[in-house]
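So this block is query-v6.cif, mmCIF, C-alpha atoms and all ligand atoms; chains and numbers go by the auth columns:
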data_final
#
loop_
_atom_site.group_PDB
_atom_site.id
_atom_site.type_symbol
_atom_site.label_atom_id
_atom_site.label_comp_id
_atom_site.label_asym_id
_atom_site.label_seq_id
_atom_site.Cartn_x
_atom_site.Cartn_y
_atom_site.Cartn_z
_atom_site.B_iso_or_equiv
_atom_site.auth_seq_id
_atom_site.auth_asym_id
ATOM 1 C CA MET A 1 -15.460 -15.719 -9.004 0.00 34 A
ATOM 2 C CA LYS A 2 -18.921 -14.258 -8.627 0.00 35 A
ATOM 3 C CA PHE A 3 -20.075 -10.970 -7.061 0.00 36 A
ATOM 4 C CA ASP A 4 -23.679 -10.154 -6.205 0.00 37 A
ATOM 5 C CA ILE A 5 -24.311 -6.541 -5.213 0.00 38 A
ATOM 6 C CA VAL A 6 -27.599 -6.056 -3.370 0.00 39 A
ATOM 7 C CA THR A 7 -28.912 -2.497 -3.609 0.00 40 A
ATOM 8 C CA LEU A 8 -31.981 -0.278 -3.723 0.00 41 A
ATOM 9 C CA PHE A 9 -30.387 1.626 -6.618 0.00 42 A
ATOM 10 C CA PRO A 10 -29.494 -0.930 -9.282 0.00 43 A
ATOM 11 C CA ASN A 11 -29.179 1.685 -12.064 0.00 44 A
ATOM 12 C CA TYR A 12 -26.542 3.514 -10.057 0.00 45 A
ATOM 13 C CA PHE A 13 -24.049 0.815 -11.080 0.00 46 A
ATOM 14 C CA ASN A 14 -24.484 1.099 -14.861 0.00 47 A
ATOM 15 C CA SER A 15 -21.876 3.724 -15.714 0.00 48 A
ATOM 16 C CA PRO A 16 -19.130 3.020 -13.173 0.00 49 A
ATOM 17 C CA ILE A 17 -18.925 -0.557 -14.355 0.00 50 A
ATOM 18 C CA LYS A 18 -19.373 0.041 -18.080 0.00 51 A
ATOM 19 C CA GLU A 19 -16.762 2.808 -18.073 0.00 52 A
ATOM 20 C CA SER A 20 -14.026 0.914 -16.233 0.00 53 A
ATOM 21 C CA LEU A 21 -11.507 -1.855 -16.827 0.00 54 A
ATOM 22 C CA LEU A 22 -13.906 -4.100 -14.922 0.00 55 A
ATOM 23 C CA ALA A 23 -16.224 -4.271 -17.944 0.00 56 A
ATOM 24 C CA LYS A 24 -13.421 -5.839 -19.973 0.00 57 A
ATOM 25 C CA ALA A 25 -12.737 -8.383 -17.241 0.00 58 A
ATOM 26 C CA ILE A 26 -16.438 -9.261 -17.121 0.00 59 A
ATOM 27 C CA ASP A 27 -16.449 -9.721 -20.923 0.00 60 A
ATOM 28 C CA LYS A 28 -13.405 -11.981 -20.581 0.00 61 A
ATOM 29 C CA LYS A 29 -15.307 -13.941 -17.881 0.00 62 A
ATOM 30 C CA VAL A 30 -12.622 -13.275 -15.279 0.00 63 A
ATOM 31 C CA PHE A 31 -15.521 -12.768 -12.882 0.00 64 A
ATOM 32 C CA ASN A 32 -19.267 -12.557 -12.955 0.00 65 A
ATOM 33 C CA LEU A 33 -21.245 -9.586 -11.611 0.00 66 A
ATOM 34 C CA ASN A 34 -24.918 -9.548 -10.779 0.00 67 A
ATOM 35 C CA ILE A 35 -26.698 -6.420 -9.538 0.00 68 A
ATOM 36 C CA VAL A 36 -29.663 -7.407 -7.365 0.00 69 A
ATOM 37 C CA ASP A 37 -32.610 -5.078 -6.732 0.00 70 A
ATOM 38 C CA LEU A 38 -33.539 -5.579 -3.073 0.00 71 A
ATOM 39 C CA ARG A 39 -37.015 -4.150 -3.682 0.00 72 A
ATOM 40 C CA SER A 40 -37.904 -7.143 -5.837 0.00 73 A
ATOM 41 C CA PHE A 41 -37.871 -9.241 -2.619 0.00 74 A
ATOM 42 C CA SER A 42 -40.548 -7.121 -0.919 0.00 75 A
ATOM 43 C CA ASN A 43 -44.193 -8.237 -0.920 0.00 76 A
ATOM 44 C CA LEU A 44 -45.265 -5.145 0.987 0.00 77 A
ATOM 45 C CA ASN A 45 -47.208 -2.161 -0.313 0.00 78 A
ATOM 46 C CA HIS A 46 -45.081 0.061 -2.531 0.00 79 A
ATOM 47 C CA LYS A 47 -42.289 -2.542 -2.351 0.00 80 A
ATOM 48 C CA GLN A 48 -41.347 -1.171 1.045 0.00 81 A
ATOM 49 C CA VAL A 49 -38.018 -2.421 2.434 0.00 82 A
ATOM 50 C CA ASP A 50 -37.637 -0.377 5.619 0.00 83 A
ATOM 51 C CA ASP A 51 -39.614 0.768 8.646 0.00 84 A
ATOM 52 C CA LYS A 52 -39.516 3.010 11.693 0.00 85 A
ATOM 53 C CA PRO A 53 -37.106 1.991 14.460 0.00 86 A
ATOM 54 C CA TYR A 54 -38.515 0.245 17.557 0.00 87 A
ATOM 55 C CA GLY A 55 -37.821 2.474 20.543 0.00 88 A
ATOM 56 C CA GLY A 56 -38.271 5.598 18.443 0.00 89 A
ATOM 57 C CA GLY A 57 -35.731 7.906 16.902 0.00 90 A
ATOM 58 C CA ALA A 58 -35.009 9.411 13.531 0.00 91 A
ATOM 59 C CA GLY A 59 -34.792 7.657 10.191 0.00 92 A
ATOM 60 C CA MET A 60 -35.770 4.263 8.881 0.00 93 A
ATOM 61 C CA VAL A 61 -34.249 0.837 9.430 0.00 94 A
ATOM 62 C CA MET A 62 -33.872 -1.807 6.705 0.00 95 A
ATOM 63 C CA ARG A 63 -36.064 -4.829 7.450 0.00 96 A
ATOM 64 C CA ALA A 64 -34.374 -8.111 8.352 0.00 97 A
ATOM 65 C CA ASP A 65 -37.025 -10.310 6.664 0.00 98 A
ATOM 66 C CA ILE A 66 -36.609 -8.749 3.215 0.00 99 A
ATOM 67 C CA LEU A 67 -32.813 -8.758 3.388 0.00 100 A
ATOM 68 C CA ALA A 68 -32.897 -12.380 4.571 0.00 101 A
ATOM 69 C CA ALA A 69 -35.182 -13.474 1.705 0.00 102 A
ATOM 70 C CA CYS A 70 -32.778 -11.863 -0.740 0.00 103 A
ATOM 71 C CA VAL A 71 -29.650 -13.437 0.762 0.00 104 A
ATOM 72 C CA GLN A 72 -31.313 -16.868 0.996 0.00 105 A
ATOM 73 C CA SER A 73 -32.045 -16.738 -2.720 0.00 106 A
ATOM 74 C CA LEU A 74 -28.437 -15.859 -3.588 0.00 107 A
ATOM 75 C CA LYS A 75 -26.459 -17.879 -1.071 0.00 108 A
ATOM 76 C CA LYS A 76 -24.717 -21.121 -1.971 0.00 109 A
ATOM 77 C CA ARG A 77 -22.109 -23.228 -0.212 0.00 110 A
ATOM 78 C CA GLY A 78 -18.978 -21.117 0.177 0.00 111 A
ATOM 79 C CA SER A 79 -20.694 -17.738 -0.306 0.00 112 A
ATOM 80 C CA LYS A 80 -19.493 -14.881 1.892 0.00 113 A
ATOM 81 C CA VAL A 81 -22.016 -12.239 2.913 0.00 114 A
ATOM 82 C CA ILE A 82 -20.552 -8.758 3.370 0.00 115 A
ATOM 83 C CA LEU A 83 -22.499 -5.761 4.625 0.00 116 A
ATOM 84 C CA LEU A 84 -21.095 -2.351 3.697 0.00 117 A
ATOM 85 C CA ASP A 85 -21.584 -0.313 6.828 0.00 118 A
ATOM 86 C CA PRO A 86 -19.655 2.471 8.571 0.00 119 A
ATOM 87 C CA THR A 87 -19.352 0.303 11.700 0.00 120 A
ATOM 88 C CA GLY A 88 -17.409 -2.369 9.799 0.00 121 A
ATOM 89 C CA GLN A 89 -13.702 -3.118 9.656 0.00 122 A
ATOM 90 C CA THR A 90 -11.880 -0.723 7.320 0.00 123 A
ATOM 91 C CA VAL A 91 -11.036 -2.199 3.912 0.00 124 A
ATOM 92 C CA THR A 92 -7.295 -2.652 3.359 0.00 125 A
ATOM 93 C CA GLN A 93 -5.222 -4.223 0.594 0.00 126 A
ATOM 94 C CA LYS A 94 -4.712 -7.229 2.868 0.00 127 A
ATOM 95 C CA ILE A 95 -8.473 -7.724 3.226 0.00 128 A
ATOM 96 C CA ALA A 96 -8.891 -7.307 -0.558 0.00 129 A
ATOM 97 C CA LEU A 97 -6.295 -10.025 -1.118 0.00 130 A
ATOM 98 C CA GLN A 98 -8.090 -12.383 1.266 0.00 131 A
ATOM 99 C CA LEU A 99 -11.429 -11.696 -0.418 0.00 132 A
ATOM 100 C CA SER A 100 -9.937 -12.326 -3.874 0.00 133 A
ATOM 101 C CA LYS A 101 -9.483 -15.975 -2.831 0.00 134 A
ATOM 102 C CA GLU A 102 -13.233 -16.438 -2.194 0.00 135 A
ATOM 103 C CA THR A 103 -15.554 -17.909 -4.814 0.00 136 A
ATOM 104 C CA HIS A 104 -18.692 -15.857 -4.202 0.00 137 A
ATOM 105 C CA LEU A 105 -19.126 -12.484 -2.488 0.00 138 A
ATOM 106 C CA ILE A 106 -22.564 -11.077 -1.719 0.00 139 A
ATOM 107 C CA LEU A 107 -22.098 -7.340 -1.101 0.00 140 A
ATOM 108 C CA ILE A 108 -25.051 -5.707 0.611 0.00 141 A
ATOM 109 C CA CYS A 109 -25.428 -1.954 0.414 0.00 142 A
ATOM 110 C CA GLY A 110 -26.932 -0.665 3.649 0.00 143 A
ATOM 111 C CA ARG A 111 -29.131 2.443 3.561 0.00 144 A
ATOM 112 C CA TYR A 112 -30.965 4.857 5.801 0.00 145 A
ATOM 113 C CA GLU A 113 -30.293 4.823 9.522 0.00 146 A
ATOM 114 C CA GLY A 114 -29.151 1.253 9.502 0.00 147 A
ATOM 115 C CA VAL A 115 -29.979 -2.394 9.143 0.00 148 A
ATOM 116 C CA ASP A 116 -31.981 -4.498 11.622 0.00 149 A
ATOM 117 C CA GLN A 117 -29.436 -6.062 14.007 0.00 150 A
ATOM 118 C CA ARG A 118 -31.039 -9.508 13.702 0.00 151 A
ATOM 119 C CA PHE A 119 -30.125 -9.657 10.026 0.00 152 A
ATOM 120 C CA LYS A 120 -26.549 -8.670 10.832 0.00 153 A
ATOM 121 C CA ASP A 121 -26.332 -11.319 13.548 0.00 154 A
ATOM 122 C CA LYS A 122 -27.817 -14.167 11.509 0.00 155 A
ATOM 123 C CA TYR A 123 -26.776 -13.568 7.906 0.00 156 A
ATOM 124 C CA VAL A 124 -23.733 -11.307 7.711 0.00 157 A
ATOM 125 C CA ASP A 125 -20.250 -12.849 7.780 0.00 158 A
ATOM 126 C CA THR A 126 -18.297 -9.570 7.680 0.00 159 A
ATOM 127 C CA GLN A 127 -19.077 -5.880 7.888 0.00 160 A
ATOM 128 C CA LEU A 128 -16.764 -3.613 5.919 0.00 161 A
ATOM 129 C CA SER A 129 -16.348 0.155 5.928 0.00 162 A
ATOM 130 C CA ILE A 130 -14.316 2.247 3.499 0.00 163 A
ATOM 131 C CA GLY A 131 -13.358 4.838 6.102 0.00 164 A
ATOM 132 C CA ASP A 132 -14.352 6.725 9.205 0.00 165 A
ATOM 133 C CA TYR A 133 -17.047 8.874 7.662 0.00 166 A
ATOM 134 C CA VAL A 134 -20.706 8.304 6.858 0.00 167 A
ATOM 135 C CA LEU A 135 -22.050 7.964 3.313 0.00 168 A
ATOM 136 C CA ASN A 136 -25.739 7.927 2.437 0.00 169 A
ATOM 137 C CA GLY A 137 -25.461 4.236 1.732 0.00 170 A
ATOM 138 C CA GLY A 138 -23.131 1.389 0.863 0.00 171 A
ATOM 139 C CA GLU A 139 -23.233 1.764 -2.940 0.00 172 A
ATOM 140 C CA VAL A 140 -19.967 3.704 -3.311 0.00 173 A
ATOM 141 C CA ALA A 141 -18.353 1.403 -0.748 0.00 174 A
ATOM 142 C CA SER A 142 -19.460 -1.727 -2.623 0.00 175 A
ATOM 143 C CA LEU A 143 -17.810 -0.373 -5.780 0.00 176 A
ATOM 144 C CA VAL A 144 -14.617 0.203 -3.820 0.00 177 A
ATOM 145 C CA VAL A 145 -14.638 -3.392 -2.581 0.00 178 A
ATOM 146 C CA LEU A 146 -15.553 -4.733 -6.033 0.00 179 A
ATOM 147 C CA GLU A 147 -12.718 -2.871 -7.737 0.00 180 A
ATOM 148 C CA THR A 148 -10.036 -3.561 -5.124 0.00 181 A
ATOM 149 C CA VAL A 149 -10.861 -7.274 -5.142 0.00 182 A
ATOM 150 C CA ALA A 150 -11.613 -7.780 -8.844 0.00 183 A
ATOM 151 C CA ARG A 151 -8.388 -6.143 -10.023 0.00 184 A
ATOM 152 C CA LEU A 152 -6.439 -8.776 -8.063 0.00 185 A
ATOM 153 C CA LEU A 153 -8.027 -11.622 -10.001 0.00 186 A
ATOM 154 C CA PRO A 154 -5.738 -13.113 -12.649 0.00 187 A
ATOM 155 C CA GLY A 155 -6.736 -11.660 -16.023 0.00 188 A
ATOM 156 C CA THR A 156 -8.282 -8.400 -14.807 0.00 189 A
ATOM 157 C CA ILE A 157 -5.367 -6.040 -15.168 0.00 190 A
ATOM 158 C CA GLY A 158 -3.070 -8.290 -17.137 0.00 191 A
ATOM 159 C CA ASN A 159 0.208 -7.412 -15.444 0.00 192 A
ATOM 160 C CA SER A 160 0.922 -9.259 -12.223 0.00 193 A
ATOM 161 C CA ASP A 161 4.261 -7.429 -11.809 0.00 194 A
ATOM 162 C CA SER A 162 2.503 -4.095 -11.403 0.00 195 A
ATOM 163 C CA LEU A 163 0.245 -5.592 -8.719 0.00 196 A
ATOM 164 C CA GLU A 164 3.204 -6.860 -6.712 0.00 197 A
ATOM 165 C CA ASN A 165 4.922 -3.494 -6.707 0.00 198 A
ATOM 166 C CA GLU A 166 2.050 -1.105 -6.138 0.00 199 A
ATOM 167 C CA SER A 167 1.300 0.767 -2.924 0.00 200 A
ATOM 168 C CA PHE A 168 0.130 -1.232 0.110 0.00 201 A
ATOM 169 C CA SER A 169 1.387 -4.518 -1.278 0.00 202 A
ATOM 170 C CA ASP A 170 3.113 -6.534 1.397 0.00 203 A
ATOM 171 C CA ARG A 171 6.760 -6.604 0.420 0.00 204 A
ATOM 172 C CA GLN A 172 9.940 -7.513 2.260 0.00 205 A
ATOM 173 C CA GLY A 173 10.113 -5.156 5.214 0.00 206 A
ATOM 174 C CA GLY A 174 6.362 -4.692 5.540 0.00 207 A
ATOM 175 C CA ILE A 175 3.628 -2.754 3.825 0.00 208 A
ATOM 176 C CA GLN A 176 5.010 0.086 1.740 0.00 209 A
ATOM 177 C CA LEU A 177 3.908 2.806 -0.628 0.00 210 A
ATOM 178 C CA ASP A 178 4.863 2.605 -4.284 0.00 211 A
ATOM 179 C CA TYR A 179 8.144 4.074 -5.576 0.00 212 A
ATOM 180 C CA PRO A 180 8.053 7.243 -7.774 0.00 213 A
ATOM 181 C CA HIS A 181 7.441 6.830 -11.510 0.00 214 A
ATOM 182 C CA TYR A 182 8.783 8.837 -14.470 0.00 215 A
ATOM 183 C CA THR A 183 8.134 8.883 -18.211 0.00 216 A
ATOM 184 C CA ARG A 184 8.863 11.178 -21.197 0.00 217 A
ATOM 185 C CA PRO A 185 9.884 13.952 -21.544 0.00 218 A
ATOM 186 C CA GLU A 186 13.294 13.280 -20.031 0.00 219 A
ATOM 187 C CA VAL A 187 13.490 16.909 -18.830 0.00 220 A
ATOM 188 C CA PHE A 188 10.296 18.571 -17.564 0.00 221 A
ATOM 189 C CA GLU A 189 10.383 22.249 -16.493 0.00 222 A
ATOM 190 C CA GLY A 190 14.113 21.923 -15.875 0.00 223 A
ATOM 191 C CA ILE A 191 13.827 18.731 -13.810 0.00 224 A
ATOM 192 C CA SER A 192 15.547 15.650 -15.215 0.00 225 A
ATOM 193 C CA VAL A 193 14.540 12.053 -14.716 0.00 226 A
ATOM 194 C CA PRO A 194 16.812 10.472 -12.046 0.00 227 A
ATOM 195 C CA GLU A 195 19.913 9.298 -13.882 0.00 228 A
ATOM 196 C CA ILE A 196 19.799 5.801 -12.485 0.00 229 A
ATOM 197 C CA LEU A 197 16.553 5.116 -14.375 0.00 230 A
ATOM 198 C CA ILE A 198 18.259 5.640 -17.736 0.00 231 A
ATOM 199 C CA SER A 199 21.394 3.716 -16.743 0.00 232 A
ATOM 200 C CA GLY A 200 20.092 0.366 -17.948 0.00 233 A
ATOM 201 C CA ASN A 201 21.399 -1.260 -14.741 0.00 234 A
ATOM 202 C CA HIS A 202 18.335 -3.225 -13.632 0.00 235 A
ATOM 203 C CA GLN A 203 19.738 -4.349 -10.313 0.00 236 A
ATOM 204 C CA LYS A 204 20.651 -0.786 -9.318 0.00 237 A
ATOM 205 C CA ILE A 205 17.250 0.453 -10.518 0.00 238 A
ATOM 206 C CA GLU A 206 15.527 -2.144 -8.346 0.00 239 A
ATOM 207 C CA GLU A 207 17.617 -1.096 -5.293 0.00 240 A
ATOM 208 C CA TRP A 208 16.874 2.582 -5.968 0.00 241 A
ATOM 209 C CA ARG A 209 13.151 1.856 -6.216 0.00 242 A
ATOM 210 C CA GLN A 210 13.149 -0.107 -2.970 0.00 243 A
ATOM 211 C CA ASN A 211 14.926 2.741 -1.185 0.00 244 A
ATOM 212 C CA LYS A 212 12.525 5.320 -2.609 0.00 245 A
ATOM 213 C CA ALA A 213 9.505 3.234 -1.583 0.00 246 A
ATOM 214 C CA ARG A 214 10.877 2.997 1.941 0.00 247 A
ATOM 215 C CA GLU A 215 11.648 6.739 2.073 0.00 248 A
ATOM 216 C CA ALA A 216 8.163 7.646 0.806 0.00 249 A
ATOM 217 C CA THR A 217 6.521 5.358 3.362 0.00 250 A
ATOM 218 C CA GLU A 218 8.608 6.744 6.239 0.00 251 A
ATOM 219 C CA LYS A 219 7.747 10.294 5.212 0.00 252 A
ATOM 220 C CA LEU A 220 4.100 10.000 4.174 0.00 253 A
ATOM 221 C CA ARG A 221 2.683 6.955 5.981 0.00 254 A
ATOM 222 C CA PRO A 222 4.940 5.906 8.883 0.00 255 A
ATOM 223 C CA ASP A 223 1.898 4.155 10.416 0.00 256 A
ATOM 224 C CA LEU A 224 2.091 1.508 7.651 0.00 257 A
ATOM 225 C CA LEU A 225 5.533 0.351 8.766 0.00 258 A
ATOM 226 C CA LYS A 226 4.129 -0.627 12.148 0.00 259 A
ATOM 227 C CA ARG A 227 1.318 -2.711 10.630 0.00 260 A
ATOM 228 C CA VAL A 228 1.836 -6.450 10.379 0.00 261 A
HETATM 229 N N1 LIG B . -22.293 3.210 4.449 0.00 1 B
HETATM 230 C C1 LIG B . -22.309 4.454 4.974 0.00 1 B
HETATM 231 N N2 LIG B . -21.064 4.868 5.252 0.00 1 B
HETATM 232 C C2 LIG B . -20.228 3.863 4.912 0.00 1 B
HETATM 233 C C3 LIG B . -18.830 3.679 4.981 0.00 1 B
HETATM 234 N N3 LIG B . -18.010 4.615 5.465 0.00 1 B
HETATM 235 N N4 LIG B . -18.314 2.502 4.540 0.00 1 B
HETATM 236 C C4 LIG B . -19.135 1.551 4.072 0.00 1 B
HETATM 237 N N5 LIG B . -20.463 1.662 3.978 0.00 1 B
HETATM 238 C C5 LIG B . -21.015 2.806 4.398 0.00 1 B
#

Represent the structure of the file as structure tokens.
Ligand code: ADE
Amino acid sequence: MKFDIVTLFPNYFNSPIKESLLAKAIDKKVFNLNIVDLRSFSNLNHKQVDDKPYGGGAGMVMRADILAACVQSLKKRGSKVILLDPTGQTVTQKIALQLSKETHLILICGRYEGVDQRFKDKYVDTQLSIGDYVLNGGEVASLVVLETVARLLPGTIGNSDSLENESFSDRQGGIQLDYPHYTRPEVFEGISVPEILISGNHQKIEEWRQNKAREATEKLRPDLLKRV
């Protein structure tokens, strides 16, 4: 799988990628990541990529022609173009799973007041948001999408069992939160590990975990149980 991230701040991505598990997956060639500097597609003075909005108003709008030239140079058959934008659909685990089946994602980090609508209409397949709040741009959001999708690719985290059981995975009975976890010491500040977990009875442990996951979801995120 290949990811292209289109941004005006290519250096921004250096540390978050180098310092994460993703770097190992890239080394292992689980996926390929290319950071694309949008400014390199501008022939204008000062490598300008934005301009004042028609109709007036505050801020600057990203130009459709420069974004289009960039996408045209990256796009192949089967590529999916995603614009990170607060007006998009909110990213969920289900969307991440769907995206992990694609072969090539082009993630475009929007900036400033917005992106020319004609680019959205002609070149963007999906707009994604990471929540109902406004960031200065799509860079953080693109990292969220990259990590949620890339960690689902076989070979990235190396333990498919932990992916199946984690929060938001679609299990029997719907989407649920994860069950509680415990490790050493066996007694911490007077609180013991639940006895069942040291019983060695794997079937009972599995039942206990399923019940706890259900309880946690009902208490903390009842909205998830209604989602299909
Ligand atoms: N750009 C600005 N805010 C954003 C958000 N909430 N999600 C994705 N991209 C954004």

Checklist entry - What residues come out when you apply the PyMOL selection byres (((not hetatm)) within 7 of (chain B and resi 1)) to this file, written as a list in words? => result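 On this input, the PyMOL selection byres (((not hetatm)) within 7 of (chain B and resi 1)) captures Leu117, Asp118, Pro119, Gly143, Arg144, Leu161, Ser162, Ile163, Gly164, Asp165, Tyr166, Val167, Leu168, Asn169, Gly170, Gly171 and Ala174 of chain A.
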
Next on the checklist: Which residues, named as in the file, does the PyMOL selection byres (((chain A and resi 116) around 12) and not hetatm) pick out? Answer as a PyMOL selection string.
Outcome noted: chain A and resi 37-40+100+104+113-115+117-122+138-144+147-150+152-154+156-163+170-172+174-175+178

Keeping only C-alpha atoms, write the selected residues as a CSV table (one decimal), keeping the file's coordinate frame.
chain,number,residue,atom,x,y,z
A,37,ASP,CA,-23.7,-10.2,-6.2
A,38,ILE,CA,-24.3,-6.5,-5.2
A,39,VAL,CA,-27.6,-6.1,-3.4
A,40,THR,CA,-28.9,-2.5,-3.6
A,100,LEU,CA,-32.8,-8.8,3.4
A,104,VAL,CA,-29.6,-13.4,0.8
A,113,LYS,CA,-19.5,-14.9,1.9
A,114,VAL,CA,-22.0,-12.2,2.9
A,115,ILE,CA,-20.6,-8.8,3.4
A,117,LEU,CA,-21.1,-2.4,3.7
A,118,ASP,CA,-21.6,-0.3,6.8
A,119,PRO,CA,-19.7,2.5,8.6
A,120,THR,CA,-19.4,0.3,11.7
A,121,GLY,CA,-17.4,-2.4,9.8
A,122,GLN,CA,-13.7,-3.1,9.7
A,138,LEU,CA,-19.1,-12.5,-2.5
A,139,ILE,CA,-22.6,-11.1,-1.7
A,140,LEU,CA,-22.1,-7.3,-1.1
A,141,ILE,CA,-25.1,-5.7,0.6
A,142,CYS,CA,-25.4,-2.0,0.4
A,143,GLY,CA,-26.9,-0.7,3.6
A,144,ARG,CA,-29.1,2.4,3.6
A,147,GLY,CA,-29.2,1.3,9.5
A,148,VAL,CA,-30.0,-2.4,9.1
A,149,ASP,CA,-32.0,-4.5,11.6
A,150,GLN,CA,-29.4,-6.1,14.0
A,152,PHE,CA,-30.1,-9.7,10.0
A,153,LYS,CA,-26.5,-8.7,10.8
A,154,ASP,CA,-26.3,-11.3,13.5
A,156,TYR,CA,-26.8,-13.6,7.9
A,157,VAL,CA,-23.7,-11.3,7.7
A,158,ASP,CA,-20.2,-12.8,7.8
A,159,THR,CA,-18.3,-9.6,7.7
A,160,GLN,CA,-19.1,-5.9,7.9
A,161,LEU,CA,-16.8,-3.6,5.9
A,162,SER,CA,-16.3,0.2,5.9
A,163,ILE,CA,-14.3,2.2,3.5
A,170,GLY,CA,-25.5,4.2,1.7
A,171,GLY,CA,-23.1,1.4,0.9
A,172,GLU,CA,-23.2,1.8,-2.9
A,174,ALA,CA,-18.4,1.4,-0.7
A,175,SER,CA,-19.5,-1.7,-2.6
A,178,VAL,CA,-14.6,-3.4,-2.6

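Considering the residues A:Leu107, A:Val69, A:Leu132, A:Ala101 and counting only C-alpha atoms, Leu41 (chain A) has its shortest atom-to-atom contact with A:Val69.
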
Item to check | Distance in Å - CA of Ser200 (chain A) versus CA of Val220 (chain A) | outcome: 25.7 Å

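CA of Thr125 (chain A) is found 19.1 Å from CA of Arg247 (chain A).
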
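For region 80-86 of chain A, the set of protein, DNA and RNA residues having any atom at most 8 Å away, when counting only C-alpha atoms and skipping those fewer than 5 positions along the same chain, is A:Leu71, A:Arg72, A:Ser73, A:Ser75, A:Ala91, A:Gly92, A:Met93, A:Val94, A:Met95, A:Arg96, A:Ile99.
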
Item to check | Interatomic distance, CA of Leu186 (chain A) to CA of Glu239 (chain A) (Å, one decimal) | outcome: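 Calculated distance between CA of Leu186 (chain A) and CA of Glu239 (chain A) is 25.4 Å.
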
Axis-aligned box for all listed atoms of region 167-176 of chain A, 5 Å per side, centre and edges in Å to one decimal, as JSON:
{"center_x": -21.8, "center_y": 3.3, "center_z": 0.5, "size_x": 17.9, "size_y": 20.0, "size_z": 22.6}

Item to check | A:Ile68, A:Ile231, A:Cys103, A:Ala249 ranked by distance to Leu176 (chain A), top pick (using only C-alpha atoms) | outcome: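 Answer, going by the shortest atom-to-atom distance: A:Ile68.
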
Checklist entry - Leaving out Glu251 (chain A) and any residue of its chain fewer than 4 positions from it, which residues lie within 12 Å of it when counting only C-alpha atoms, given as a PyMOL selection string? => result chain A and resi 207-211+244-247+255-259

Item to check | Residues in the PyMOL selection byres (((chain A and resi 63) around 9) and not hetatm), expressed as a list in words | outcome: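 That expression, the PyMOL selection byres (((chain A and resi 63) around 9) and not hetatm), corresponds here to Met34, Lys57, Ala58, Ile59, Asp60, Lys61, Lys62, Phe64, Asn65, Ala183, Leu186, Pro187, Gly188 and Thr189 of chain A.
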
Item to check | Option closest in space to Phe74 (chain A), from A:Ala97, A:Leu179, A:Ala102, A:Leu55 [counting all atoms listed in the file] | outcome: A:Ala102

Next on the checklist: Counting all atoms listed in the file, I want the residues whose atoms come within 8 Å of (-18.4, -17.5, 1.1) in the file frame, returned as a list in words.
Outcome noted: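 Counting all atoms listed in the file, I find these residues within 8 Å of (-18.4, -17.5, 1.1): Lys109, Arg110, Gly111, Ser112, Lys113, Val114, Glu135, Thr136, His137 and Leu138 of chain A.
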
Item to check | Shortest interatomic distance to Val182 (chain A) - which of A:Gln126, A:Ser195, A:Thr216, A:Gln105, counting all atoms listed in the file | outcome: A:Gln126

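Among the candidates A:Asn198, A:Asn67, A:Asn76, A:Ser106, the residue lying nearest to Gln243 (chain A) is A:Asn198 (atoms considered: only C-alpha atoms).
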